[in-house]
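Listing of upload_13.txt, compact mmCIF, C-alpha atoms
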```txt
# COMPACT_ATOMS: atom_id res chain seq x y z
CA MET A 1 3.92 -2.82 -31.94
CA ILE A 2 5.30 -0.18 -29.58
CA ASP A 3 3.20 2.99 -29.29
CA THR A 4 5.45 5.95 -28.46
CA GLY A 5 2.64 7.93 -26.84
CA ASN A 6 1.71 5.11 -24.50
CA THR A 7 5.37 4.48 -23.78
CA SER A 8 5.96 8.11 -22.83
CA PHE A 9 2.88 8.09 -20.62
CA MET A 10 3.93 4.90 -18.83
CA LEU A 11 7.47 6.17 -18.27
CA ILE A 12 5.97 9.17 -16.46
CA CYS A 13 3.56 6.97 -14.50
CA SER A 14 6.40 4.68 -13.42
CA ALA A 15 8.35 7.67 -12.11
CA LEU A 16 5.25 8.93 -10.28
CA VAL A 17 4.73 5.60 -8.53
CA PHE A 18 8.41 5.52 -7.56
CA LEU A 19 7.98 8.94 -5.95
CA MET A 20 5.37 7.47 -3.63
CA THR A 21 7.94 5.51 -1.61
CA PRO A 22 10.06 8.53 -0.58
CA GLY A 23 6.74 10.34 -0.13
CA LEU A 24 5.71 7.63 2.31
CA ALA A 25 9.01 8.14 4.14
CA PHE A 26 8.03 11.76 4.83
CA PHE A 27 4.40 10.85 5.59
CA TYR A 28 5.36 8.24 8.18
CA GLY A 29 8.50 10.07 9.31
CA GLY A 30 6.57 13.15 10.36
CA MET A 31 4.17 11.12 12.50
CA VAL A 32 6.69 9.51 14.83
CA ARG A 33 8.64 11.03 17.70
CA ARG A 34 11.77 12.89 16.66
CA LYS A 35 13.99 10.18 18.16
CA ASN A 36 12.62 7.67 15.60
CA VAL A 37 12.29 9.74 12.42
CA ILE A 38 15.48 8.44 10.77
CA ASN A 39 14.61 4.82 11.48
CA THR A 40 11.08 5.32 10.16
CA MET A 41 12.24 7.01 6.96
CA MET A 42 15.01 4.43 6.51
CA SER A 43 12.34 1.73 6.61
CA SER A 44 11.09 3.08 3.28
CA VAL A 45 14.44 4.07 1.79
CA PHE A 46 16.19 0.70 2.13
CA ILE A 47 13.26 -0.92 0.34
CA MET A 48 13.95 1.25 -2.70
CA GLY A 49 17.25 -0.61 -2.97
CA LEU A 50 16.52 -4.10 -1.69
CA CYS A 51 13.20 -4.69 -3.44
CA SER A 52 14.41 -3.20 -6.73
CA VAL A 53 17.29 -5.69 -6.80
CA MET A 54 15.00 -8.57 -5.83
CA TRP A 55 12.49 -7.62 -8.53
CA ILE A 56 15.13 -7.73 -11.26
CA LEU A 57 16.71 -10.97 -10.03
CA PHE A 58 13.57 -13.03 -9.47
CA GLY A 59 10.58 -10.94 -8.40
CA TYR A 60 9.24 -10.14 -11.86
CA THR A 61 9.50 -13.68 -13.11
CA LEU A 62 7.82 -15.11 -10.00
CA ALA A 63 4.95 -12.63 -10.38
CA PHE A 64 4.55 -12.50 -14.17
CA GLY A 65 6.78 -15.17 -15.73
CA GLY A 66 4.46 -17.97 -16.77
CA ASN A 67 1.95 -19.66 -14.49
CA THR A 68 2.24 -22.42 -11.89
CA GLY A 69 -1.16 -23.52 -10.60
CA GLY A 70 -2.54 -19.98 -10.69
CA ILE A 71 -0.49 -19.14 -7.59
CA ILE A 72 3.01 -18.19 -8.74
CA GLY A 73 4.99 -17.70 -11.93
CA SER A 74 8.24 -19.42 -12.82
CA LEU A 75 11.96 -18.66 -12.98
CA LYS A 76 12.19 -18.52 -16.76
CA PHE A 77 12.90 -14.77 -16.72
CA ALA A 78 15.28 -14.76 -13.71
CA GLY A 79 17.58 -11.78 -13.94
CA LEU A 80 15.36 -10.64 -16.85
CA SER A 81 17.15 -13.12 -19.07
CA GLY A 82 15.50 -13.54 -22.45
CA ILE A 83 13.84 -10.10 -22.36
CA SER A 84 15.07 -7.34 -24.68
CA PHE A 85 14.06 -3.71 -25.24
CA SER A 86 12.19 -4.76 -28.40
CA ASP A 87 9.81 -7.12 -26.58
CA VAL A 88 6.28 -5.74 -26.22
CA THR A 89 3.55 -6.02 -23.57
CA GLY A 90 0.38 -4.54 -24.98
CA THR A 91 1.67 -1.45 -26.76
CA ILE A 92 4.63 -0.65 -24.49
CA PRO A 93 8.07 -2.26 -24.12
CA THR A 94 8.01 -5.24 -21.75
CA LEU A 95 10.92 -3.67 -19.85
CA LEU A 96 8.71 -0.66 -19.17
CA PHE A 97 5.90 -2.89 -17.88
CA ILE A 98 8.50 -4.55 -15.63
CA SER A 99 9.63 -1.12 -14.39
CA PHE A 100 6.07 0.02 -13.69
CA GLN A 101 5.28 -3.12 -11.71
CA MET A 102 8.58 -2.83 -9.84
CA MET A 103 7.40 0.44 -8.31
CA PHE A 104 4.40 -1.39 -6.82
CA ALA A 105 6.79 -3.97 -5.37
CA LEU A 106 8.57 -1.08 -3.58
CA ILE A 107 5.68 0.86 -2.08
CA THR A 108 3.75 -2.20 -0.84
CA PRO A 109 6.21 -3.57 1.77
CA ALA A 110 7.10 -0.03 2.81
CA LEU A 111 3.51 0.46 3.99
CA ILE A 112 4.02 -2.25 6.62
CA SER A 113 6.55 -0.09 8.48
CA GLY A 114 3.74 2.14 9.72
CA SER A 115 2.46 -0.58 12.04
CA VAL A 116 5.80 -1.42 13.66
CA ALA A 117 7.33 2.05 13.99
CA GLY A 118 9.36 2.73 17.11
CA ARG A 119 9.96 -0.82 18.28
CA MET A 120 11.05 -3.31 15.59
CA LYS A 121 14.75 -4.01 15.09
CA PHE A 122 15.99 -2.76 11.74
CA LYS A 123 17.81 -6.03 11.06
CA ALA A 124 14.62 -7.96 11.73
CA PHE A 125 12.56 -5.67 9.51
CA PHE A 126 15.11 -5.97 6.70
CA ILE A 127 15.02 -9.77 6.78
CA PHE A 128 11.25 -9.84 7.16
CA ILE A 129 10.64 -7.60 4.14
CA ALA A 130 12.93 -9.70 1.93
CA LEU A 131 11.05 -12.86 2.95
CA TRP A 132 7.60 -11.25 2.77
CA SER A 133 8.15 -10.07 -0.78
CA ILE A 134 8.81 -13.67 -1.82
CA VAL A 135 6.19 -15.42 0.29
CA VAL A 136 3.31 -12.91 0.08
CA TYR A 137 3.75 -10.14 -2.50
CA TYR A 138 4.95 -12.04 -5.57
CA PRO A 139 2.29 -14.78 -5.26
CA LEU A 140 -0.50 -12.24 -4.70
CA ALA A 141 0.65 -10.12 -7.66
CA HIS A 142 0.52 -13.24 -9.80
CA MET A 143 -2.83 -14.44 -8.46
CA VAL A 144 -4.47 -11.07 -9.17
CA TRP A 145 -2.66 -9.73 -12.26
CA GLY A 146 -0.64 -12.60 -13.74
CA ASP A 147 -1.65 -14.81 -16.65
CA GLY A 148 -3.94 -17.51 -15.28
CA GLY A 149 -3.87 -16.04 -11.76
CA LEU A 150 -6.21 -17.69 -9.29
CA LEU A 151 -7.98 -14.50 -8.16
CA GLY A 152 -8.01 -12.87 -11.57
CA GLU A 153 -8.58 -14.29 -15.00
CA GLY A 154 -7.70 -17.86 -14.02
CA TRP A 155 -10.70 -18.61 -11.79
CA LEU A 156 -12.42 -16.04 -9.58
CA HIS A 157 -12.43 -13.06 -11.96
CA SER A 158 -12.29 -10.61 -9.07
CA LEU A 159 -11.37 -7.01 -9.88
CA ASP A 160 -8.37 -5.10 -8.58
CA PHE A 161 -7.50 -2.25 -10.91
CA ALA A 162 -4.39 -0.93 -9.15
CA GLY A 163 -3.76 -2.87 -5.95
CA GLY A 164 -6.56 -3.01 -3.38
CA ASN A 165 -5.76 -6.65 -2.62
CA VAL A 166 -2.17 -6.82 -3.79
CA VAL A 167 -0.97 -3.60 -2.17
CA HIS A 168 -3.25 -2.30 0.56
CA ILE A 169 -5.04 -5.27 2.11
CA SER A 170 -1.91 -7.44 2.07
CA SER A 171 0.31 -4.81 3.69
CA GLY A 172 -2.38 -3.61 6.11
CA ALA A 173 -3.19 -7.13 7.33
CA THR A 174 0.51 -7.89 7.70
CA GLY A 175 1.05 -4.71 9.68
CA LEU A 176 -1.78 -5.61 12.06
CA ILE A 177 -0.35 -9.09 12.66
CA LEU A 178 3.14 -7.70 13.34
CA ALA A 179 1.72 -5.06 15.70
CA VAL A 180 0.00 -7.78 17.73
CA ILE A 181 3.12 -9.97 17.80
CA LEU A 182 5.43 -7.10 18.82
CA GLY A 183 3.10 -5.67 21.44
CA LYS A 184 2.60 -2.05 22.36
CA ARG A 185 5.32 0.59 22.48
CA HIS A 186 6.53 1.14 26.04
CA GLY A 187 4.57 3.85 27.80
CA ILE A 188 2.18 4.48 24.93
CA ASP A 189 -0.83 4.28 27.27
CA ARG A 190 0.73 6.58 29.88
CA ILE A 191 2.66 9.21 27.96
CA SER A 192 1.15 11.91 25.77
CA TYR A 193 2.17 11.02 22.21
CA ARG A 194 2.97 14.04 20.06
CA ILE A 195 3.48 13.95 16.30
CA HIS A 196 6.81 15.67 15.81
CA ASN A 197 6.43 17.27 12.35
CA ILE A 198 3.01 17.77 10.77
CA PRO A 199 4.47 19.67 7.76
CA PHE A 200 6.50 16.49 6.98
CA VAL A 201 3.25 14.52 7.06
CA VAL A 202 1.55 16.92 4.66
CA LEU A 203 4.54 16.92 2.32
CA GLY A 204 4.53 13.13 2.28
CA GLY A 205 0.76 12.98 1.83
CA ALA A 206 0.92 15.44 -1.06
CA LEU A 207 3.65 13.38 -2.76
CA LEU A 208 1.53 10.26 -2.29
CA TRP A 209 -1.50 12.00 -3.82
CA PHE A 210 0.60 13.21 -6.75
CA GLY A 211 2.16 9.79 -7.28
CA TRP A 212 -1.23 8.09 -7.02
CA PHE A 213 -2.23 9.52 -10.39
CA GLY A 214 0.50 7.36 -11.91
CA PHE A 215 -0.48 4.49 -9.63
CA ASN A 216 -4.11 4.37 -10.78
CA ALA A 217 -4.17 6.04 -14.19
CA GLY A 218 -1.03 4.14 -15.19
CA SER A 219 -2.75 0.85 -14.45
CA ALA A 220 -4.63 1.30 -17.71
CA LEU A 221 -1.20 0.69 -19.34
CA ALA A 222 -2.01 3.20 -22.06
CA ALA A 223 -2.73 6.91 -22.52
CA ASN A 224 -6.41 6.36 -23.24
CA GLY A 225 -9.88 7.13 -21.96
CA LEU A 226 -9.69 4.51 -19.22
CA ALA A 227 -6.55 6.18 -17.83
CA VAL A 228 -8.35 9.53 -17.79
CA HIS A 229 -11.34 7.94 -16.08
CA ALA A 230 -9.09 6.43 -13.39
CA PHE A 231 -7.35 9.79 -12.96
CA ILE A 232 -10.65 11.56 -12.29
CA THR A 233 -12.09 8.91 -9.96
CA THR A 234 -8.82 8.94 -8.01
CA ASN A 235 -8.90 12.66 -7.32
CA THR A 236 -12.65 12.72 -6.70
CA SER A 237 -12.48 9.99 -4.09
CA ALA A 238 -9.57 11.66 -2.30
CA ALA A 239 -11.32 15.04 -2.34
CA ALA A 240 -14.54 13.60 -0.91
CA ALA A 241 -12.58 11.84 1.82
CA VAL A 242 -10.83 15.09 2.81
CA VAL A 243 -14.16 16.89 3.17
CA VAL A 244 -15.77 14.10 5.19
CA TRP A 245 -12.79 13.80 7.57
CA MET A 246 -12.77 17.56 8.14
CA LEU A 247 -16.50 17.58 8.85
CA LEU A 248 -16.15 14.75 11.34
CA ASP A 249 -13.29 16.55 13.08
CA ALA A 250 -15.31 19.76 13.23
CA LEU A 251 -18.44 18.04 14.53
CA LEU A 252 -16.83 15.68 17.05
CA ASN A 253 -13.68 17.56 18.09
CA ARG A 254 -14.85 21.10 17.29
CA LYS A 255 -11.76 21.82 15.17
CA PRO A 256 -10.78 20.58 11.71
CA THR A 257 -7.15 19.48 11.73
CA LEU A 258 -4.48 19.53 9.04
CA LEU A 259 -3.35 16.04 10.05
CA GLY A 260 -6.92 14.78 9.71
CA ALA A 261 -7.43 16.40 6.32
CA ILE A 262 -4.33 14.85 4.75
CA THR A 263 -5.08 11.48 6.39
CA GLY A 264 -8.56 11.60 4.92
CA GLY A 265 -7.10 12.30 1.50
CA VAL A 266 -4.84 9.25 1.71
CA VAL A 267 -7.77 7.09 2.85
CA GLY A 268 -9.76 8.25 -0.18
CA LEU A 269 -6.88 7.30 -2.46
CA ILE A 270 -6.62 3.86 -0.86
CA SER A 271 -10.36 3.25 -1.11
CA ILE A 272 -10.60 4.03 -4.83
CA THR A 273 -7.55 2.01 -5.87
CA PRO A 274 -9.25 -1.34 -6.63
CA GLY A 275 -12.17 0.25 -8.49
CA ALA A 276 -10.65 3.33 -10.15
CA GLY A 277 -11.03 1.86 -13.64
CA PHE A 278 -14.28 -0.03 -13.04
CA ILE A 279 -16.79 2.28 -11.33
CA PRO A 280 -18.66 5.46 -12.44
CA ILE A 281 -17.25 8.84 -11.50
CA TRP A 282 -20.25 9.67 -9.30
CA ALA A 283 -19.63 6.47 -7.32
CA SER A 284 -16.09 7.60 -6.46
CA LEU A 285 -17.64 10.32 -4.30
CA LEU A 286 -19.30 7.63 -2.21
CA VAL A 287 -16.23 5.41 -2.18
CA GLY A 288 -14.02 8.18 -0.80
CA GLY A 289 -16.60 9.69 1.55
CA VAL A 290 -17.72 6.39 3.09
CA GLY A 291 -14.12 5.14 3.25
CA SER A 292 -13.16 8.23 5.23
CA LEU A 293 -16.13 7.73 7.57
CA ILE A 294 -15.28 4.06 8.19
CA CYS A 295 -11.58 4.66 8.84
CA TYR A 296 -12.26 7.67 11.06
CA PHE A 297 -14.09 5.47 13.55
CA THR A 298 -12.13 2.25 13.00
CA ILE A 299 -8.70 3.68 13.88
CA PRO A 300 -9.56 4.64 17.51
CA LEU A 301 -11.57 1.43 17.90
CA LEU A 302 -8.50 -0.66 17.10
CA LYS A 303 -6.28 1.28 19.48
CA LYS A 304 -8.58 1.99 22.41
CA LYS A 305 -11.09 -0.85 22.39
CA LEU A 306 -8.97 -3.69 21.00
CA GLY A 307 -5.65 -2.43 22.37
CA VAL A 308 -3.68 -2.93 19.16
CA ASP A 309 -0.76 -0.52 18.78
CA ASP A 310 -0.92 -0.03 15.01
CA ALA A 311 1.55 2.82 15.42
CA LEU A 312 0.87 4.89 12.29
CA ASP A 313 -2.47 3.28 11.38
CA ALA A 314 -1.22 1.14 8.50
CA PHE A 315 -4.06 -1.33 9.00
CA GLY A 316 -6.56 1.32 10.05
CA CYS A 317 -6.01 3.17 6.76
CA HIS A 318 -4.62 0.72 4.21
CA GLY A 319 -6.20 -2.48 5.49
CA ILE A 320 -9.66 -1.11 6.21
CA GLY A 321 -9.61 1.31 3.28
CA GLY A 322 -8.51 -1.46 0.92
CA ILE A 323 -11.21 -3.83 2.18
CA TRP A 324 -13.89 -1.18 1.75
CA GLY A 325 -12.56 -0.33 -1.71
CA GLY A 326 -12.74 -3.97 -2.78
CA ILE A 327 -16.30 -4.28 -1.50
CA ALA A 328 -17.29 -0.99 -3.14
CA THR A 329 -15.92 -2.25 -6.45
CA GLY A 330 -18.32 -5.18 -6.16
CA ILE A 331 -21.15 -2.73 -5.54
CA PHE A 332 -20.48 -0.13 -8.26
CA ALA A 333 -18.55 -1.99 -11.01
CA SER A 334 -19.92 -1.58 -14.52
CA PRO A 335 -18.93 -3.25 -17.81
CA ALA A 336 -19.97 -0.01 -19.53
CA ILE A 337 -16.79 1.50 -18.11
CA ASN A 338 -14.52 -1.53 -18.38
CA SER A 339 -15.46 -4.70 -20.23
CA ALA A 340 -13.41 -6.75 -17.77
CA ALA A 341 -16.02 -6.04 -15.08
CA ARG A 342 -19.37 -7.62 -14.41
CA ASN A 343 -22.26 -5.53 -13.09
CA GLY A 344 -22.06 -4.80 -9.39
CA LEU A 345 -24.85 -4.94 -6.81
CA MET A 346 -25.95 -1.42 -7.72
CA PHE A 347 -26.77 -2.66 -11.21
CA GLY A 348 -28.69 -5.75 -10.14
CA GLU A 349 -26.13 -8.58 -10.23
CA THR A 350 -24.35 -10.41 -7.40
CA SER A 351 -21.54 -12.48 -8.95
CA GLN A 352 -18.97 -9.67 -9.02
CA PHE A 353 -19.80 -8.65 -5.47
CA PHE A 354 -19.26 -12.13 -4.06
CA ALA A 355 -16.08 -12.53 -6.12
CA GLN A 356 -14.77 -9.38 -4.45
CA ILE A 357 -15.63 -10.65 -0.96
CA LEU A 358 -13.96 -14.00 -1.57
CA SER A 359 -10.84 -12.36 -3.01
CA ILE A 360 -10.53 -10.21 0.11
CA VAL A 361 -10.83 -13.24 2.39
CA ILE A 362 -8.21 -15.14 0.39
CA THR A 363 -5.85 -12.14 0.40
CA ILE A 364 -6.09 -11.81 4.18
CA ALA A 365 -5.49 -15.55 4.57
CA VAL A 366 -2.41 -15.42 2.34
CA ALA A 367 -1.10 -12.40 4.26
CA PHE A 368 -1.68 -14.09 7.63
CA VAL A 369 -0.08 -17.42 6.75
CA GLY A 370 2.77 -15.75 4.86
CA THR A 371 3.45 -13.31 7.68
CA MET A 372 3.61 -16.05 10.28
CA ILE A 373 6.05 -18.00 8.10
CA CYS A 374 8.24 -14.93 7.61
CA VAL A 375 8.18 -14.08 11.33
CA GLY A 376 9.22 -17.64 12.19
CA ILE A 377 12.16 -17.55 9.80
CA THR A 378 13.21 -14.05 10.88
CA LYS A 379 13.33 -15.15 14.53
CA ILE A 380 15.97 -17.72 13.61
CA PHE A 381 18.36 -14.88 12.83
CA THR A 382 17.40 -12.14 15.27
CA LYS A 383 14.89 -10.90 17.83
CA LEU A 384 11.99 -8.94 16.37
CA ARG A 385 11.88 -6.17 18.93
CA VAL A 386 14.59 -3.84 20.19
CA GLU A 387 15.61 -3.86 23.86
CA PRO A 388 13.61 -1.60 26.22
CA TRP A 389 16.58 0.75 26.69
CA ASP A 390 17.08 1.08 22.94
CA GLU A 391 13.42 1.90 22.53
CA LYS A 392 13.64 4.55 25.26
CA VAL A 393 16.72 6.20 23.73
CA GLY A 394 15.26 6.01 20.25
CA LEU A 395 15.86 3.86 17.21
CA ASP A 396 17.72 6.60 15.34
CA LYS A 397 20.71 6.38 17.69
CA THR A 398 20.54 2.70 18.58
CA GLN A 399 19.84 1.27 15.10
CA HIS A 400 21.60 3.80 12.83
CA GLY A 401 23.90 5.98 14.93
CA GLU A 402 22.33 9.15 13.54
CA GLU A 403 20.26 12.03 14.83
CA ALA A 404 17.75 13.92 12.71
CA TYR A 405 17.85 16.94 15.02
CA PRO A 406 21.17 17.52 16.81
CA SER A 407 20.90 18.80 20.34
CA PHE A 408 22.28 22.25 19.48
CA THR A 409 18.97 23.07 17.76
CA GLY A 410 17.35 23.08 21.19
CA LEU A 411 14.86 20.35 20.26
CA ASP A 412 16.35 17.63 22.50
```

I need this file expressed as structure tokens, please.
Amino acid sequence: MIDTGNTSFMLICSALVFLMTPGLAFFYGGMVRRKNVINTMMSSVFIMGLCSVMWILFGYTLAFGGNTGGIIGSLKFAGLSGISFSDVTGTIPTLLFISFQMMFALITPALISGSVAGRMKFKAFFIFIALWSIVVYYPLAHMVWGDGGLLGEGWLHSLDFAGGNVVHISSGATGLILAVILGKRHGIDRISYRIHNIPFVVLGGALLWFGWFGFNAGSALAANGLAVHAFITTNTSAAAAVVVWMLLDALLNRKPTLLGAITGGVVGLISITPGAGFIPIWASLLVGGVGSLICYFTIPLLKKKLGVDDALDAFGCHGIGGIWGGIATGIFASPAINSAARNGLMFGETSQFFAQILSIVITIAVAFVGTMICVGITKIFTKLRVEPWDEKVGLDKTQHGEEAYPSFTGLD
């Protein structure tokens, strides 16, 4: 039976999660050079169209329509055939559940763009995202959240409340692989790189934080105590991460930075995502604070020591933050909060912890194999990287024929 209160709540949560994708466009767009801001923002905007259409046509049914070996769904609901507004999932209309999950299918591939900013052809990225959604995202969504999914209720019983594996680890690992394949941006080791619009970054980060309440609290699929719990752990983790990042900036660089503070907040949000509805509120302080600490030191290690040009730190934040969040869920999970959980390491049991570790390994493996398949197919149609001259001029002009800041403003 449809509950109108839960339905109203989930409509709002769905809209909040949708807002995260344009929020990401501002967050990433502000971090690149001004000659690439349109291309970077477009890398999120086109996904709002492409992946919405794909989700309706076949994405939902592949992720949630039946079960094939615990790995993928079926095509029985292709084009949402056979589903009406009177069908119910839990206490909300099935069409609303489909809409809520669609917003996750938008934000996840958009995160990948942060690793390839400034050098990947738009045509190649478009084709890659279409393929990646089919090869990586839909199977992972089914394996974690679908009926009989391999990583969820079907076998491993790992926990992922709102997308640590499905969203953050998958996109972060994919971004890292693409960054290695594409190579570094020309001149990145010789030229001083300046973020062109920090207010854009803060605006985007604030929209992400705002939307994350729908992302995590909405994953309870009802306006209940669990949703409230996830809401509080989400904000607490983000807040702790902001404070820790600022303290590290002040201690190591002598000045706390606005860019660092908002980055820390996003890391805290990422870290709490898999465990928001499974761990105690006090534990969310540790999840956010430790996640911020880990990412603070991992990001420069990847770039300076390992030489990987993860342009906007998609792996450094989402990949590492998601991995830590999954591990932390295995440490702090408690069935007293959510009966779907087993006790974590903190409460004297090991089975949930090792299930979390194995789920992370499997997710990375799926992302790696799937990414390599998608890259191979994409190369049949086009080169992955733009020409050196196009990269020098900027992807705004060469890929889209637009300029974010016309020369008469004096910025060029």

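When atom CA of A:Pro280 is paired with atom CA of A:Val17, their separation reads 23.7 Å.
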
Problem set entry | A:Thr273, A:Leu62, A:Leu293, A:Thr91 ranked by distance to A:Phe77, top pick (using all atoms listed in the file) | A:Leu62

If you take only C-alpha atoms and a cut-off of 10 Å, which residues of stretch 64-129 of chain A touch stretch 316-329 of chain A, and what are their nearest atom pairs and distances in Å to one decimal, in chain and number order, as a Markdown table?
```
| residue | atom | partner | partner_atom | distance |
| --- | --- | --- | --- | --- |
| A:Leu111 | CA | A:His318 | CA | 8.1 |
| A:Ile112 | CA | A:His318 | CA | 9.4 |
| A:Ser115 | CA | A:Gly316 | CA | 9.4 |
```

Give me, as a Markdown table, each residue of stretch 116-183 of chain A that comes within 10 Å of stretch 24-44 of chain A, together with its shortest interatomic pair and the distance in Å at one decimal, counting all atoms listed in the file, with rows ordered by chain and rising residue number.
```
| residue | atom | partner | partner_atom | distance |
| --- | --- | --- | --- | --- |
| A:Val116 | CA | A:Thr40 | CA | 9.2 |
| A:Ala117 | CA | A:Thr40 | CA | 6.3 |
| A:Gly118 | CA | A:Asn36 | CA | 6.1 |
| A:Arg119 | CA | A:Asn36 | CA | 9.3 |
| A:Met120 | CA | A:Asn39 | CA | 9.8 |
| A:Lys121 | CA | A:Asn39 | CA | 9.5 |
| A:Phe122 | CA | A:Asn39 | CA | 7.7 |
| A:Phe125 | CA | A:Ser43 | CA | 8.0 |
| A:Phe126 | CA | A:Ser43 | CA | 8.2 |
| A:Ile129 | CA | A:Ser43 | CA | 9.8 |
```

Just the residues within 12 Å of A:Ala230, please, counting all atoms listed in the file, with nothing from its chain fewer than 4 positions along; format it as an mmCIF file with C-alpha atoms, in the coordinates of the input.
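Dumped to part_33.cif:
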```cif
data_model
loop_
_atom_site.group_PDB
_atom_site.id
_atom_site.type_symbol
_atom_site.label_atom_id
_atom_site.label_comp_id
_atom_site.auth_asym_id
_atom_site.auth_seq_id
_atom_site.Cartn_x
_atom_site.Cartn_y
_atom_site.Cartn_z
ATOM 1 C CA PHE A 161 -7.500 -2.250 -10.910
ATOM 2 C CA ALA A 162 -4.390 -0.930 -9.150
ATOM 3 C CA TRP A 212 -1.230 8.090 -7.020
ATOM 4 C CA PHE A 213 -2.230 9.520 -10.390
ATOM 5 C CA GLY A 214 0.500 7.360 -11.910
ATOM 6 C CA PHE A 215 -0.480 4.490 -9.630
ATOM 7 C CA ASN A 216 -4.110 4.370 -10.780
ATOM 8 C CA ALA A 217 -4.170 6.040 -14.190
ATOM 9 C CA GLY A 218 -1.030 4.140 -15.190
ATOM 10 C CA SER A 219 -2.750 0.850 -14.450
ATOM 11 C CA ALA A 220 -4.630 1.300 -17.710
ATOM 12 C CA LEU A 221 -1.200 0.690 -19.340
ATOM 13 C CA ALA A 222 -2.010 3.200 -22.060
ATOM 14 C CA ALA A 223 -2.730 6.910 -22.520
ATOM 15 C CA ASN A 224 -6.410 6.360 -23.240
ATOM 16 C CA GLY A 225 -9.880 7.130 -21.960
ATOM 17 C CA LEU A 226 -9.690 4.510 -19.220
ATOM 18 C CA THR A 234 -8.820 8.940 -8.010
ATOM 19 C CA ASN A 235 -8.900 12.660 -7.320
ATOM 20 C CA THR A 236 -12.650 12.720 -6.700
ATOM 21 C CA SER A 237 -12.480 9.990 -4.090
ATOM 22 C CA LEU A 269 -6.880 7.300 -2.460
ATOM 23 C CA ILE A 272 -10.600 4.030 -4.830
ATOM 24 C CA THR A 273 -7.550 2.010 -5.870
ATOM 25 C CA PRO A 274 -9.250 -1.340 -6.630
ATOM 26 C CA GLY A 275 -12.170 0.250 -8.490
ATOM 27 C CA ALA A 276 -10.650 3.330 -10.150
ATOM 28 C CA GLY A 277 -11.030 1.860 -13.640
ATOM 29 C CA PHE A 278 -14.280 -0.030 -13.040
ATOM 30 C CA ILE A 279 -16.790 2.280 -11.330
ATOM 31 C CA PRO A 280 -18.660 5.460 -12.440
ATOM 32 C CA ILE A 281 -17.250 8.840 -11.500
ATOM 33 C CA SER A 284 -16.090 7.600 -6.460
ATOM 34 C CA ILE A 337 -16.790 1.500 -18.110
ATOM 35 C CA ASN A 338 -14.520 -1.530 -18.380
#
```

For this session: Take atom CA of A:Val393 and atom CA of A:Asp310 and report the distance between them in Å, one decimal.
Result: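 Distance reported for this atom pair: 20.6 Å.
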
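With only C-alpha atoms as the atoms that count, the residue of A:Tyr193, A:Phe353, A:Phe381, A:Phe58 with the shortest distance to A:Lys123 is A:Phe381.
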
Given 8 Å on each side, where is the centre and what are the edge lengths in Å to one decimal of the axis-aligned box enclosing the listed atoms of stretch 33-52 of chain A, as AutoDock Vina command-line options?
```
--center_x 12.9 --center_y 4.1 --center_z 5.7 --size_x 24.6 --size_y 33.6 --size_z 40.9
```
